[in-house]
$ cat start_31.pdb   # PDB, C-alpha atoms
ATOM      1  CA  MET S   9     -50.874  30.937   7.051
ATOM      2  CA  SER S  10     -50.498  33.671   9.679
ATOM      3  CA  GLY S  11     -52.905  31.809  11.976
ATOM      4  CA  LEU S  12     -50.832  28.618  11.704
ATOM      5  CA  VAL S  13     -47.612  30.499  12.398
ATOM      6  CA  ARG S  14     -49.117  32.082  15.491
ATOM      7  CA  GLU S  15     -50.289  28.710  16.815
ATOM      8  CA  MET S  16     -46.859  27.166  16.202
ATOM      9  CA  VAL S  17     -45.038  30.045  17.878
ATOM     10  CA  HIS S  18     -47.281  29.907  20.932
ATOM     11  CA  LEU S  19     -47.108  26.117  21.125
ATOM     12  CA  GLY S  20     -43.319  26.197  20.869
ATOM     13  CA  PHE S  21     -42.898  28.752  23.627
ATOM     14  CA  ASP S  22     -45.505  27.003  25.781
ATOM     15  CA  ARG S  23     -43.378  23.866  25.598
ATOM     16  CA  LEU S  24     -40.257  25.869  26.434
ATOM     17  CA  GLY S  25     -42.139  27.205  29.447
ATOM     18  CA  HIS S  26     -42.931  23.610  30.482
ATOM     19  CA  HIS S  27     -39.204  22.830  30.444
ATOM     20  CA  PHE S  28     -38.282  25.970  32.410
ATOM     21  CA  ALA S  29     -40.955  25.159  34.990
ATOM     22  CA  ARG S  30     -39.117  21.930  35.823
ATOM     23  CA  VAL S  31     -36.160  23.945  37.161
ATOM     24  CA  ALA S  32     -36.689  24.529  40.891
ATOM     25  CA  ASP S  33     -34.818  27.218  42.835
ATOM     26  CA  SER S  34     -31.919  25.945  44.928
ATOM     27  CA  ASP S  35     -29.354  27.509  47.244
ATOM     28  CA  ASP S  36     -27.038  27.908  44.241
ATOM     29  CA  PRO S  37     -28.588  30.363  41.736
ATOM     30  CA  VAL S  38     -25.750  29.858  39.233
ATOM     31  CA  SER S  39     -26.446  26.123  39.216
ATOM     32  CA  ASP S  40     -30.096  27.024  38.586
ATOM     33  CA  MET S  41     -29.069  29.260  35.665
ATOM     34  CA  ALA S  42     -27.001  26.442  34.161
ATOM     35  CA  LEU S  43     -29.956  24.088  34.553
ATOM     36  CA  ILE S  44     -32.168  26.606  32.762
ATOM     37  CA  GLY S  45     -29.673  26.479  29.888
ATOM     38  CA  ARG S  46     -29.946  22.689  29.884
ATOM     39  CA  ALA S  47     -33.749  22.981  29.863
ATOM     40  CA  TYR S  48     -33.575  25.265  26.833
ATOM     41  CA  ARG S  49     -31.414  22.765  24.968
ATOM     42  CA  HIS S  50     -33.645  19.836  25.927
ATOM     43  CA  ASN S  51     -36.676  21.703  24.606
ATOM     44  CA  ALA S  52     -34.945  22.301  21.266
ATOM     45  CA  GLN S  53     -34.038  18.596  21.059
ATOM     46  CA  ALA S  54     -37.576  17.489  21.935
ATOM     47  CA  ASN S  55     -39.312  19.937  19.550
ATOM     48  CA  PRO S  56     -37.049  20.469  16.517
ATOM     49  CA  HIS S  57     -40.086  20.894  14.219
ATOM     50  CA  LEU S  58     -41.197  23.933  16.252
ATOM     51  CA  TYR S  59     -37.829  25.401  17.175
ATOM     52  CA  SER S  60     -36.921  27.201  13.955
ATOM     53  CA  VAL S  61     -40.459  28.449  13.358
ATOM     54  CA  MET S  62     -40.957  29.857  16.860
ATOM     55  CA  LEU S  63     -37.766  31.883  16.486
ATOM     56  CA  GLY S  64     -38.503  33.058  12.963
ATOM     57  CA  ALA S  65     -35.777  31.025  11.249
ATOM     58  CA  SER S  66     -37.998  29.259   8.708
ATOM     59  CA  SER S  67     -36.959  29.926   5.123
ATOM     60  CA  LEU S  68     -40.510  30.131   3.815
ATOM     61  CA  PRO S  69     -41.464  33.737   2.999
ATOM     62  CA  VAL S  70     -44.991  33.199   4.377
ATOM     63  CA  PHE S  71     -43.550  32.393   7.823
ATOM     64  CA  SER S  72     -43.339  35.904   9.245
ATOM     65  CA  LEU S  73     -43.796  36.696  12.918
ATOM     66  CA  SER S  74     -45.707  39.672  14.253
ATOM     67  CA  GLU S  75     -44.489  41.818  17.131
ATOM     68  CA  ALA S  76     -47.193  40.222  19.284
ATOM     69  CA  ASP S  77     -45.798  36.772  18.449
ATOM     70  CA  ARG S  78     -42.300  37.863  19.441
ATOM     71  CA  GLN S  79     -43.544  39.437  22.641
ATOM     72  CA  TYR S  80     -45.198  36.129  23.526
ATOM     73  CA  GLY S  81     -41.775  34.505  23.213
ATOM     74  CA  ARG S  82     -39.945  37.205  25.140
ATOM     75  CA  TYR S  83     -42.279  36.688  28.069
ATOM     76  CA  THR S  84     -40.804  33.213  28.487
ATOM     77  CA  LEU S  85     -37.600  34.906  29.677
ATOM     78  CA  VAL S  86     -39.300  36.013  32.903
ATOM     79  CA  SER S  87     -37.979  32.992  34.803
ATOM     80  CA  VAL S  88     -34.478  33.532  33.379
ATOM     81  CA  VAL S  89     -34.516  37.180  34.468
ATOM     82  CA  ALA S  90     -35.618  36.149  37.975
ATOM     83  CA  CYS S  91     -32.735  33.677  38.200
ATOM     84  CA  ALA S  92     -30.266  36.284  36.933
ATOM     85  CA  ARG S  93     -31.484  38.664  39.622
ATOM     86  CA  ARG S  94     -30.733  36.020  42.265
ATOM     87  CA  CYS S  95     -27.253  35.453  40.818
ATOM     88  CA  ILE S  96     -26.545  39.192  41.032
ATOM     89  CA  ALA S  97     -27.932  39.473  44.567
ATOM     90  CA  ALA S  98     -25.730  36.565  45.667
ATOM     91  CA  GLY S  99     -22.653  38.400  44.395
ATOM     92  CA  ARG S 100     -21.937  35.742  41.788
ATOM     93  CA  PHE S 101     -22.613  37.905  38.716
ATOM     94  CA  ALA S 102     -20.966  41.308  38.282
ATOM     95  CA  TRP S 103     -23.454  42.500  35.693
ATOM     96  CA  SER S 104     -26.101  44.741  37.261
ATOM     97  CA  ASP S 105     -28.881  44.326  34.673
ATOM     98  CA  PRO S 106     -30.689  40.966  35.061
ATOM     99  CA  GLU S 107     -32.582  41.383  31.777
ATOM    100  CA  LEU S 108     -29.306  41.884  29.906
ATOM    101  CA  VAL S 109     -27.945  38.738  31.574
ATOM    102  CA  ALA S 110     -31.041  36.805  30.469
ATOM    103  CA  HIS S 111     -30.645  37.983  26.873
ATOM    104  CA  HIS S 112     -26.934  37.118  26.949
ATOM    105  CA  MET S 113     -27.779  33.567  28.040
ATOM    106  CA  TRP S 114     -30.571  33.251  25.459
ATOM    107  CA  ILE S 115     -28.504  34.497  22.524
ATOM    108  CA  THR S 116     -25.567  32.217  23.271
ATOM    109  CA  VAL S 117     -27.448  28.996  24.035
ATOM    110  CA  HIS S 118     -29.719  29.558  21.025
ATOM    111  CA  GLY S 119     -26.655  29.719  18.792
ATOM    112  CA  LEU S 120     -25.413  26.344  20.012
ATOM    113  CA  CYS S 121     -28.845  24.722  19.709
ATOM    114  CA  SER S 122     -29.208  25.962  16.130
ATOM    115  CA  LEU S 123     -25.831  24.496  15.179
ATOM    116  CA  GLU S 124     -26.620  21.237  16.966
ATOM    117  CA  LEU S 125     -29.976  20.787  15.226
ATOM    118  CA  GLY S 126     -28.306  21.610  11.926
ATOM    119  CA  GLY S 127     -25.810  18.774  12.463
ATOM    120  CA  TYR S 128     -22.755  21.037  12.471
ATOM    121  CA  LEU S 129     -21.264  19.954  15.817
ATOM    122  CA  VAL S 130     -19.292  16.708  15.440
ATOM    123  CA  ASP S 131     -16.397  14.919  17.168
ATOM    124  CA  PRO S 132     -14.105  15.989  18.681
ATOM    125  CA  TYR S 133     -16.147  19.170  19.252
ATOM    126  CA  ASP S 134     -19.571  17.615  19.484
ATOM    127  CA  ALA S 135     -22.610  19.322  20.970
ATOM    128  CA  ASP S 136     -22.192  17.865  24.462
ATOM    129  CA  ARG S 137     -18.556  18.933  24.772
ATOM    130  CA  CYS S 138     -19.219  22.412  23.392
ATOM    131  CA  PHE S 139     -22.291  22.886  25.563
ATOM    132  CA  GLU S 140     -20.530  22.031  28.838
ATOM    133  CA  ALA S 141     -17.677  24.413  28.004
ATOM    134  CA  GLN S 142     -20.157  27.078  26.947
ATOM    135  CA  LEU S 143     -22.135  26.928  30.197
ATOM    136  CA  THR S 144     -19.055  27.554  32.326
ATOM    137  CA  ALA S 145     -17.837  30.309  29.996
ATOM    138  CA  LEU S 146     -21.252  31.987  30.148
ATOM    139  CA  MET S 147     -21.240  32.147  33.936
ATOM    140  CA  VAL S 148     -17.679  33.512  33.951
ATOM    141  CA  SER S 149     -18.573  36.098  31.296
ATOM    142  CA  ALA S 150     -21.326  37.398  33.592
ATOM    143  CA  GLY S 151     -18.815  37.878  36.407
ATOM    144  CA  ASP S 152     -18.508  34.554  38.233
ATOM    145  CA  THR S 153     -15.094  33.094  39.066
ATOM    146  CA  PRO S 154     -13.939  30.152  36.930
ATOM    147  CA  GLU S 155     -13.740  27.843  39.948
ATOM    148  CA  ALA S 156     -17.197  28.711  41.297
ATOM    149  CA  ALA S 157     -18.742  28.593  37.831
ATOM    150  CA  GLU S 158     -17.300  25.153  37.093
ATOM    151  CA  ALA S 159     -18.575  23.803  40.424
ATOM    152  CA  SER S 160     -22.092  25.154  39.820
ATOM    153  CA  VAL S 161     -22.255  23.871  36.246
ATOM    154  CA  THR S 162     -21.111  20.440  37.414
ATOM    155  CA  ALA S 163     -23.807  20.488  40.097
ATOM    156  CA  SER S 164     -26.425  21.352  37.482
ATOM    157  CA  LEU S 165     -25.406  18.302  35.459
ATOM    158  CA  GLY S 166     -26.315  16.113  38.430
ATOM    159  CA  ARG S 167     -29.773  17.703  38.478
ATOM    160  CA  GLU S 168     -30.344  17.290  34.728
ATOM    161  CA  LYS S 169     -32.528  14.211  35.138
ATOM    162  CA  VAL S 170     -35.478  16.461  36.040
ATOM    163  CA  ILE S 171     -35.459  17.838  32.490
ATOM    164  CA  ASP S 172     -34.500  14.626  30.684
ATOM    165  CA  VAL S 173     -35.801  14.643  27.089
ATOM    166  CA  ALA S 174     -37.975  11.574  27.608
ATOM    167  CA  LEU S 175     -39.466  12.887  30.849
ATOM    168  CA  ALA S 176     -40.015  16.356  29.452
ATOM    169  CA  ALA S 177     -41.556  14.980  26.273
ATOM    170  CA  LYS S 178     -43.939  12.918  28.383
ATOM    171  CA  ALA S 179     -44.990  16.039  30.270
ATOM    172  CA  VAL S 180     -45.997  17.822  27.069
ATOM    173  CA  ALA S 181     -47.014  14.782  24.999
ATOM    174  CA  ALA S 182     -50.763  15.355  25.245
ATOM    175  CA  PRO S 183     -51.367  18.286  22.907
ATOM    176  CA  GLN S 184     -53.058  21.311  24.422
ATOM    177  CA  ASN S 185     -53.391  22.889  20.990
ATOM    178  CA  PRO S 186     -55.519  21.518  18.098
ATOM    179  CA  LEU S 187     -52.603  22.154  15.748
ATOM    180  CA  ASP S 188     -50.782  19.062  17.019
ATOM    181  CA  ARG S 189     -53.684  16.737  16.178
ATOM    182  CA  GLU S 190     -54.295  18.409  12.832
ATOM    183  CA  LEU S 191     -50.680  17.831  11.811
ATOM    184  CA  ASP S 192     -50.813  14.234  13.017
ATOM    185  CA  VAL S 193     -53.925  13.592  10.931
ATOM    186  CA  LEU S 194     -52.347  15.253   7.879
ATOM    187  CA  GLY S 195     -49.178  13.225   8.377
ATOM    188  CA  MET S 196     -51.042   9.939   8.457
ATOM    189  CA  ALA S 197     -53.048  10.947   5.397
ATOM    190  CA  ALA S 198     -49.782  11.758   3.603
ATOM    191  CA  SER S 199     -48.487   8.265   4.396
ATOM    192  CA  GLY S 200     -51.501   6.747   2.633
ATOM    193  CA  ALA S 201     -53.642   5.926   5.658
ATOM    194  CA  GLY S 202     -57.368   5.816   5.034
ATOM    195  CA  LEU S 203     -60.002   7.657   7.016
ATOM    196  CA  ALA S 204     -60.941   4.618   9.112
ATOM    197  CA  GLU S 205     -57.297   3.788   9.844
ATOM    198  CA  ILE S 206     -56.532   7.324  11.002
ATOM    199  CA  ALA S 207     -59.629   7.415  13.172
ATOM    200  CA  ALA S 208     -58.778   4.074  14.796
ATOM    201  CA  GLU S 209     -55.103   4.917  15.345
ATOM    202  CA  LEU S 210     -55.765   8.327  16.874
ATOM    203  CA  HIS S 211     -58.927   7.315  18.735
ATOM    204  CA  LEU S 212     -61.068   9.838  16.855
ATOM    205  CA  SER S 213     -64.317   9.668  14.945
ATOM    206  CA  LYS S 214     -64.239   9.798  11.153
ATOM    207  CA  GLY S 215     -66.032  13.130  11.267
ATOM    208  CA  THR S 216     -63.369  14.584  13.544
ATOM    209  CA  VAL S 217     -60.654  13.370  11.189
ATOM    210  CA  ARG S 218     -62.399  15.158   8.302
ATOM    211  CA  ASN S 219     -62.701  18.302  10.405
ATOM    212  CA  TYR S 220     -59.005  18.257  11.305
ATOM    213  CA  LEU S 221     -58.025  17.815   7.658
ATOM    214  CA  GLY S 222     -60.232  20.694   6.620
ATOM    215  CA  ALA S 223     -58.853  22.905   9.389
ATOM    216  CA  ILE S 224     -55.188  22.301   8.566
ATOM    217  CA  VAL S 225     -55.765  22.870   4.846
ATOM    218  CA  THR S 226     -57.347  26.228   5.701
ATOM    219  CA  LYS S 227     -54.615  27.218   8.153
ATOM    220  CA  LEU S 228     -51.894  26.438   5.628
ATOM    221  CA  GLY S 229     -53.682  28.436   2.940
ATOM    222  CA  ALA S 230     -53.516  25.339   0.763
ATOM    223  CA  ARG S 231     -55.613  24.514  -2.286
ATOM    224  CA  ASN S 232     -56.222  20.941  -1.175
ATOM    225  CA  ARG S 233     -54.747  18.181   0.950
ATOM    226  CA  LEU S 234     -51.846  17.493  -1.395
ATOM    227  CA  ASP S 235     -50.920  21.154  -1.364
ATOM    228  CA  ALA S 236     -51.196  21.119   2.438
ATOM    229  CA  VAL S 237     -48.784  18.164   2.602
ATOM    230  CA  ARG S 238     -46.315  20.015   0.363
ATOM    231  CA  ILE S 239     -46.468  23.238   2.390
ATOM    232  CA  ALA S 240     -46.209  21.481   5.755
ATOM    233  CA  THR S 241     -43.298  19.327   4.558
ATOM    234  CA  GLU S 242     -41.378  22.300   3.157
ATOM    235  CA  ALA S 243     -41.984  24.165   6.400
ATOM    236  CA  ARG S 244     -40.512  21.159   8.274
ATOM    237  CA  VAL S 245     -43.567  20.761  10.465
ATOM    238  CA  LEU S 246     -44.599  17.467   8.857
ATOM    239  CA  ASN S 247     -41.784  15.127   9.757
ATOM    240  CA  GLN S 248     -41.301  11.417   9.168
ATOM    241  CA  ALA S 249     -42.592  10.486  12.610
ATOM    242  CA  ARG S 250     -45.890  12.212  11.909
ATOM    243  CA  MET S 251     -46.134  10.540   8.515
ATOM    244  CA  CYS S 252     -45.826   7.139  10.158
ATOM    245  CA  GLY S 253     -48.373   7.746  12.872
ATOM    246  CA  ILE S 254     -48.317   7.831  16.640
ATOM    247  CA  ASP S 255     -46.570   5.523  19.045
ATOM    248  CA  ALA S 256     -49.515   4.494  21.220
ATOM    249  CA  SER S 257     -48.094   3.557  24.600
ATOM    250  CA  ALA S 258     -49.193   3.131  28.177
ATOM    251  CA  ASP S 259     -48.971   6.884  28.519
ATOM    252  CA  GLY S 260     -51.772   7.396  26.041
ATOM    253  CA  PRO S 261     -52.327   7.524  22.294
ATOM    254  CA  TRP S 262     -50.610  10.908  21.970
ATOM    255  CA  SER S 263     -47.252   9.838  23.365
ATOM    256  CA  ARG S 264     -44.619   9.854  20.644
ATOM    257  CA  SER S 265     -41.540   7.692  20.436
ATOM    258  CA  PRO S 266     -38.409   9.879  20.717
ATOM    259  CA  THR S 267     -36.523   7.557  18.389
ATOM    260  CA  SER S 268     -36.428   7.862  14.621
ATOM    261  CA  VAL S 269     -38.813   5.742  12.622
ATOM    262  CA  SER S 270     -36.494   5.704   9.635
ATOM    263  CA  GLY S 271     -36.338   2.228   8.192
ATOM    264  CA  ALA S 272     -38.992   0.881  10.530
ATOM    265  CA  ASP S 273     -40.746  -2.218   9.240
ATOM    266  CA  THR S 274     -44.281  -0.977   9.765
ATOM    267  CA  PRO S 275     -47.256  -0.923   7.413
ATOM    268  CA  CYS S 276     -46.867   2.829   7.223
ATOM    269  CA  ALA S 277     -43.158   2.690   6.459
ATOM    270  CA  ARG S 278     -43.658   0.009   3.774
ATOM    271  CA  ARG S 279     -46.311   1.960   1.942
ATOM    272  CA  SER S 280     -44.784   5.447   2.309
ATOM    273  CA  ALA S 281     -42.322   5.300  -0.599
ATOM    274  CA  ALA S 282     -44.939   4.126  -3.093
ATOM    275  CA  HIS S 283     -47.507   6.555  -1.759
ATOM    276  CA  TRP S 284     -45.171   9.532  -2.056
ATOM    277  CA  ARG S 285     -44.458   8.598  -5.687
ATOM    278  CA  GLU S 286     -48.198   8.675  -6.285
ATOM    279  CA  LEU S 287     -48.512  12.026  -4.507
ATOM    280  CA  ALA S 288     -45.779  13.523  -6.665
ATOM    281  CA  MET S 289     -47.771  12.645  -9.786
ATOM    282  CA  ALA S 290     -51.151  13.713  -8.464
ATOM    283  CA  THR S 291     -52.777  17.089  -8.862
ATOM    284  CA  SER S 292     -55.006  16.726  -5.822
ATOM    285  CA  LEU S 293     -55.770  14.249  -3.100
ATOM    286  CA  SER S 294     -58.831  12.148  -3.643
ATOM    287  CA  PRO S 295     -61.252  11.737  -0.708
ATOM    288  CA  LEU S 296     -59.953   9.378   1.930
ATOM    289  CA  ALA S 297     -61.366   5.898   1.751
ATOM    290  CA  ALA S 298     -63.789   5.093   4.518
TER     291      ALA S 298
END

$ encode --input "start_31.pdb" --output "structure tokens"
Amino acid sequence: MSGLVREMVHLGFDRLGHHFARVADSDDPVSDMALIGRAYRHNAQANPHLYSVMLGASSLPVFSLSEADRQYGRYTLVSVVACARRCIAAGRFAWSDPELVAHHMWITVHGLCSLELGGYLVDPYDADRCFEAQLTALMVSAGDTPEAAEASVTASLGREKVIDVALAAKAVAAPQNPLDRELDVLGMAASGAGLAEIAAELHLSKGTVRNYLGAIVTKLGARNRLDAVRIATEARVLNQARMCGIDASADGPWSRSPTSVSGADTPCARRSAAHWRELAMATSLSPLAA
């Protein structure tokens, strides 16, 4: 399990780094800082299955992070520290320690993202309203004036299209880590897809599908495929989208639809309920049909 956790942590922070990299320096460093906060939130929205695990919030006892894992995540703050340093140099922030500023931003925005993903922020204080107010308050708390902070945050909103969820998801859609494909294969197997169907849908050979299934079972420390499905589902890394396959689009077979597949009238969706009843009664998964 430790190997899987490490891969998930690194993959999650790699994707956060992709989002941060989309924020270009401008003449207004406070606007850049606000845009970094927007990038952080967009990453959490685009990767909810990784977000809690990469920050050690999973409730499973086996999901423990090492100091090396945490240091990998802390390194992602380098760009935030650099932006904070520019804000201080410009006389916008009164705080003198850019690393402390970066941690202040991280702690606060993380809190909002966690509440948003948990579904706790609703009208009239929904996530969007709270986030906009929070961004301005954060800049003021670091020493900026309310008027200047509000202007910079508003300017960052006009730049938000560069980190739009759909665009950002497209940038990281093709998995750079085998873990993504292994989970996709396991998800399709959990939905009742046969070996040939998985291979055709994901543009893989049957042998590669078998290899991915074997690898994910080992990484999860599972007894068999059924046990792997249970562990991955409880860990919230095997979501409904994975269990209903991949949205093959013009951008390639690994591009996922950002919309929910709940209630979709697809072969996968129609067979899922019956298949999960069978899984609940089974003691192990039989070999996939060719």

$ resolve_selection --input "start_31.pdb" --expression "the PyMOL selection byres ((chain S and resi 160) around 12)" --output "VMD selection string"
chain S and resid 34 to 43 95 100 140 143 to 148 152 to 159 161 to 167

$ write_last_selection --input "start_31.pdb" --atoms "C-alpha atoms" --output "short mmCIF file (atom, residue, chain, number, x, y, z; two decimals), in the coordinates of the input"
data_model
loop_
_atom_site.label_atom_id
_atom_site.label_comp_id
_atom_site.auth_asym_id
_atom_site.auth_seq_id
_atom_site.Cartn_x
_atom_site.Cartn_y
_atom_site.Cartn_z
CA SER S 34 -31.92 25.94 44.93
CA ASP S 35 -29.35 27.51 47.24
CA ASP S 36 -27.04 27.91 44.24
CA PRO S 37 -28.59 30.36 41.74
CA VAL S 38 -25.75 29.86 39.23
CA SER S 39 -26.45 26.12 39.22
CA ASP S 40 -30.10 27.02 38.59
CA MET S 41 -29.07 29.26 35.66
CA ALA S 42 -27.00 26.44 34.16
CA LEU S 43 -29.96 24.09 34.55
CA CYS S 95 -27.25 35.45 40.82
CA ARG S 100 -21.94 35.74 41.79
CA GLU S 140 -20.53 22.03 28.84
CA LEU S 143 -22.14 26.93 30.20
CA THR S 144 -19.06 27.55 32.33
CA ALA S 145 -17.84 30.31 30.00
CA LEU S 146 -21.25 31.99 30.15
CA MET S 147 -21.24 32.15 33.94
CA VAL S 148 -17.68 33.51 33.95
CA ASP S 152 -18.51 34.55 38.23
CA THR S 153 -15.09 33.09 39.07
CA PRO S 154 -13.94 30.15 36.93
CA GLU S 155 -13.74 27.84 39.95
CA ALA S 156 -17.20 28.71 41.30
CA ALA S 157 -18.74 28.59 37.83
CA GLU S 158 -17.30 25.15 37.09
CA ALA S 159 -18.58 23.80 40.42
CA VAL S 161 -22.26 23.87 36.25
CA THR S 162 -21.11 20.44 37.41
CA ALA S 163 -23.81 20.49 40.10
CA SER S 164 -26.42 21.35 37.48
CA LEU S 165 -25.41 18.30 35.46
CA GLY S 166 -26.32 16.11 38.43
CA ARG S 167 -29.77 17.70 38.48
#

$ resolve_selection --input "start_31.pdb" --expression "the PyMOL selection byres ((chain S and resi 91) around 10)" --output "ChimeraX atom specification"
/S:33,37-41,44,85-90,92-97,106,109-110

$ write_last_selection --input "start_31.pdb" --atoms "C-alpha atoms" --output "PDB file, keeping the file's coordinate frame"
ATOM      1  CA  ASP S  33     -34.818  27.218  42.835  1.00  0.00           C
ATOM      2  CA  PRO S  37     -28.588  30.363  41.736  1.00  0.00           C
ATOM      3  CA  VAL S  38     -25.750  29.858  39.233  1.00  0.00           C
ATOM      4  CA  SER S  39     -26.446  26.123  39.216  1.00  0.00           C
ATOM      5  CA  ASP S  40     -30.096  27.024  38.586  1.00  0.00           C
ATOM      6  CA  MET S  41     -29.069  29.260  35.665  1.00  0.00           C
ATOM      7  CA  ILE S  44     -32.168  26.606  32.762  1.00  0.00           C
ATOM      8  CA  LEU S  85     -37.600  34.906  29.677  1.00  0.00           C
ATOM      9  CA  VAL S  86     -39.300  36.013  32.903  1.00  0.00           C
ATOM     10  CA  SER S  87     -37.979  32.992  34.803  1.00  0.00           C
ATOM     11  CA  VAL S  88     -34.478  33.532  33.379  1.00  0.00           C
ATOM     12  CA  VAL S  89     -34.516  37.180  34.468  1.00  0.00           C
ATOM     13  CA  ALA S  90     -35.618  36.149  37.975  1.00  0.00           C
ATOM     14  CA  ALA S  92     -30.266  36.284  36.933  1.00  0.00           C
ATOM     15  CA  ARG S  93     -31.484  38.664  39.622  1.00  0.00           C
ATOM     16  CA  ARG S  94     -30.733  36.020  42.265  1.00  0.00           C
ATOM     17  CA  CYS S  95     -27.253  35.453  40.818  1.00  0.00           C
ATOM     18  CA  ILE S  96     -26.545  39.192  41.032  1.00  0.00           C
ATOM     19  CA  ALA S  97     -27.932  39.473  44.567  1.00  0.00           C
ATOM     20  CA  PRO S 106     -30.689  40.966  35.061  1.00  0.00           C
ATOM     21  CA  VAL S 109     -27.945  38.738  31.574  1.00  0.00           C
ATOM     22  CA  ALA S 110     -31.041  36.805  30.469  1.00  0.00           C
TER      23      ALA S 110
END

$ atom_distance --input "start_31.pdb" --atom1 "atom CA of S:Val225" --atom2 "atom CA of S:Ser122"
29.0 Å

$ closest_residue --input "start_31.pdb" --among "S:His50, S:His18, S:His27, S:His111" --to "S:Leu63" --atoms "only C-alpha atoms"
S:His18

$ atom_distance --input "start_31.pdb" --atom1 "atom CA of S:Gln142" --atom2 "atom CA of S:Phe21"
23.0 Å

$ closest_residue --input "start_31.pdb" --among "S:Ala52, S:Ala150, S:Ala29, S:Ala98" --to "S:Gly119" --atoms "all atoms listed in the file"
S:Ala52

$ resolve_selection --input "start_31.pdb" --expression "the PyMOL selection byres ((chain S and resi 219) around 12)" --output "JSON, numbers by chain"
{"S": [186, 189, 190, 193, 194, 203, 207, 212, 213, 214, 215, 216, 217, 218, 220, 221, 222, 223, 224, 225, 226]}

$ residues_around --input "start_31.pdb" --residues "S:Ala197" --least-positions-apart "4" --cutoff "9 Å" --atoms "all atoms listed in the file" --output "ChimeraX atom specification"
/S:192-193,201-203,206,221,233,237,251,296

$ atom_distance --input "start_31.pdb" --atom1 "atom CA of S:Gly20" --atom2 "atom CA of S:Ile115"
17.1 Å

$ build_atoms --input "start_31.pdb" --residues "stretch 16-29 of chain S" --atoms "N, CA and C atoms" --output "mmCIF file, in the coordinates of the input"
data_model
loop_
_atom_site.group_PDB
_atom_site.id
_atom_site.type_symbol
_atom_site.label_atom_id
_atom_site.label_comp_id
_atom_site.auth_asym_id
_atom_site.auth_seq_id
_atom_site.Cartn_x
_atom_site.Cartn_y
_atom_site.Cartn_z
ATOM 1 N N MET S 16 -48.129 27.871 16.048
ATOM 2 C CA MET S 16 -46.859 27.166 16.202
ATOM 3 C C MET S 16 -45.920 27.911 17.141
ATOM 4 N N VAL S 17 -45.886 29.240 17.006
ATOM 5 C CA VAL S 17 -45.038 30.045 17.878
ATOM 6 C C VAL S 17 -45.469 29.887 19.330
ATOM 7 N N HIS S 18 -46.777 30.007 19.563
ATOM 8 C CA HIS S 18 -47.281 29.907 20.932
ATOM 9 C C HIS S 18 -47.078 28.503 21.493
ATOM 10 N N LEU S 19 -47.304 27.486 20.673
ATOM 11 C CA LEU S 19 -47.108 26.117 21.125
ATOM 12 C C LEU S 19 -45.643 25.872 21.468
ATOM 13 N N GLY S 20 -44.745 26.378 20.624
ATOM 14 C CA GLY S 20 -43.319 26.197 20.869
ATOM 15 C C GLY S 20 -42.868 26.842 22.166
ATOM 16 N N PHE S 21 -43.303 28.072 22.398
ATOM 17 C CA PHE S 21 -42.898 28.752 23.627
ATOM 18 C C PHE S 21 -43.622 28.195 24.852
ATOM 19 N N ASP S 22 -44.829 27.678 24.666
ATOM 20 C CA ASP S 22 -45.505 27.003 25.781
ATOM 21 C C ASP S 22 -44.691 25.790 26.224
ATOM 22 N N ARG S 23 -44.174 25.042 25.265
ATOM 23 C CA ARG S 23 -43.378 23.866 25.598
ATOM 24 C C ARG S 23 -42.044 24.259 26.244
ATOM 25 N N LEU S 24 -41.469 25.366 25.780
ATOM 26 C CA LEU S 24 -40.257 25.869 26.434
ATOM 27 C C LEU S 24 -40.575 26.239 27.881
ATOM 28 N N GLY S 25 -41.729 26.862 28.095
ATOM 29 C CA GLY S 25 -42.139 27.205 29.447
ATOM 30 C C GLY S 25 -42.299 25.974 30.328
ATOM 31 N N HIS S 26 -42.806 24.870 29.741
ATOM 32 C CA HIS S 26 -42.931 23.610 30.482
ATOM 33 C C HIS S 26 -41.559 23.134 30.955
ATOM 34 N N HIS S 27 -40.556 23.258 30.087
ATOM 35 C CA HIS S 27 -39.204 22.830 30.444
ATOM 36 C C HIS S 27 -38.624 23.729 31.538
ATOM 37 N N PHE S 28 -38.789 25.042 31.396
ATOM 38 C CA PHE S 28 -38.282 25.970 32.410
ATOM 39 C C PHE S 28 -38.938 25.714 33.767
ATOM 40 N N ALA S 29 -40.215 25.359 33.742
ATOM 41 C CA ALA S 29 -40.955 25.159 34.990
ATOM 42 C C ALA S 29 -40.424 23.969 35.789
#
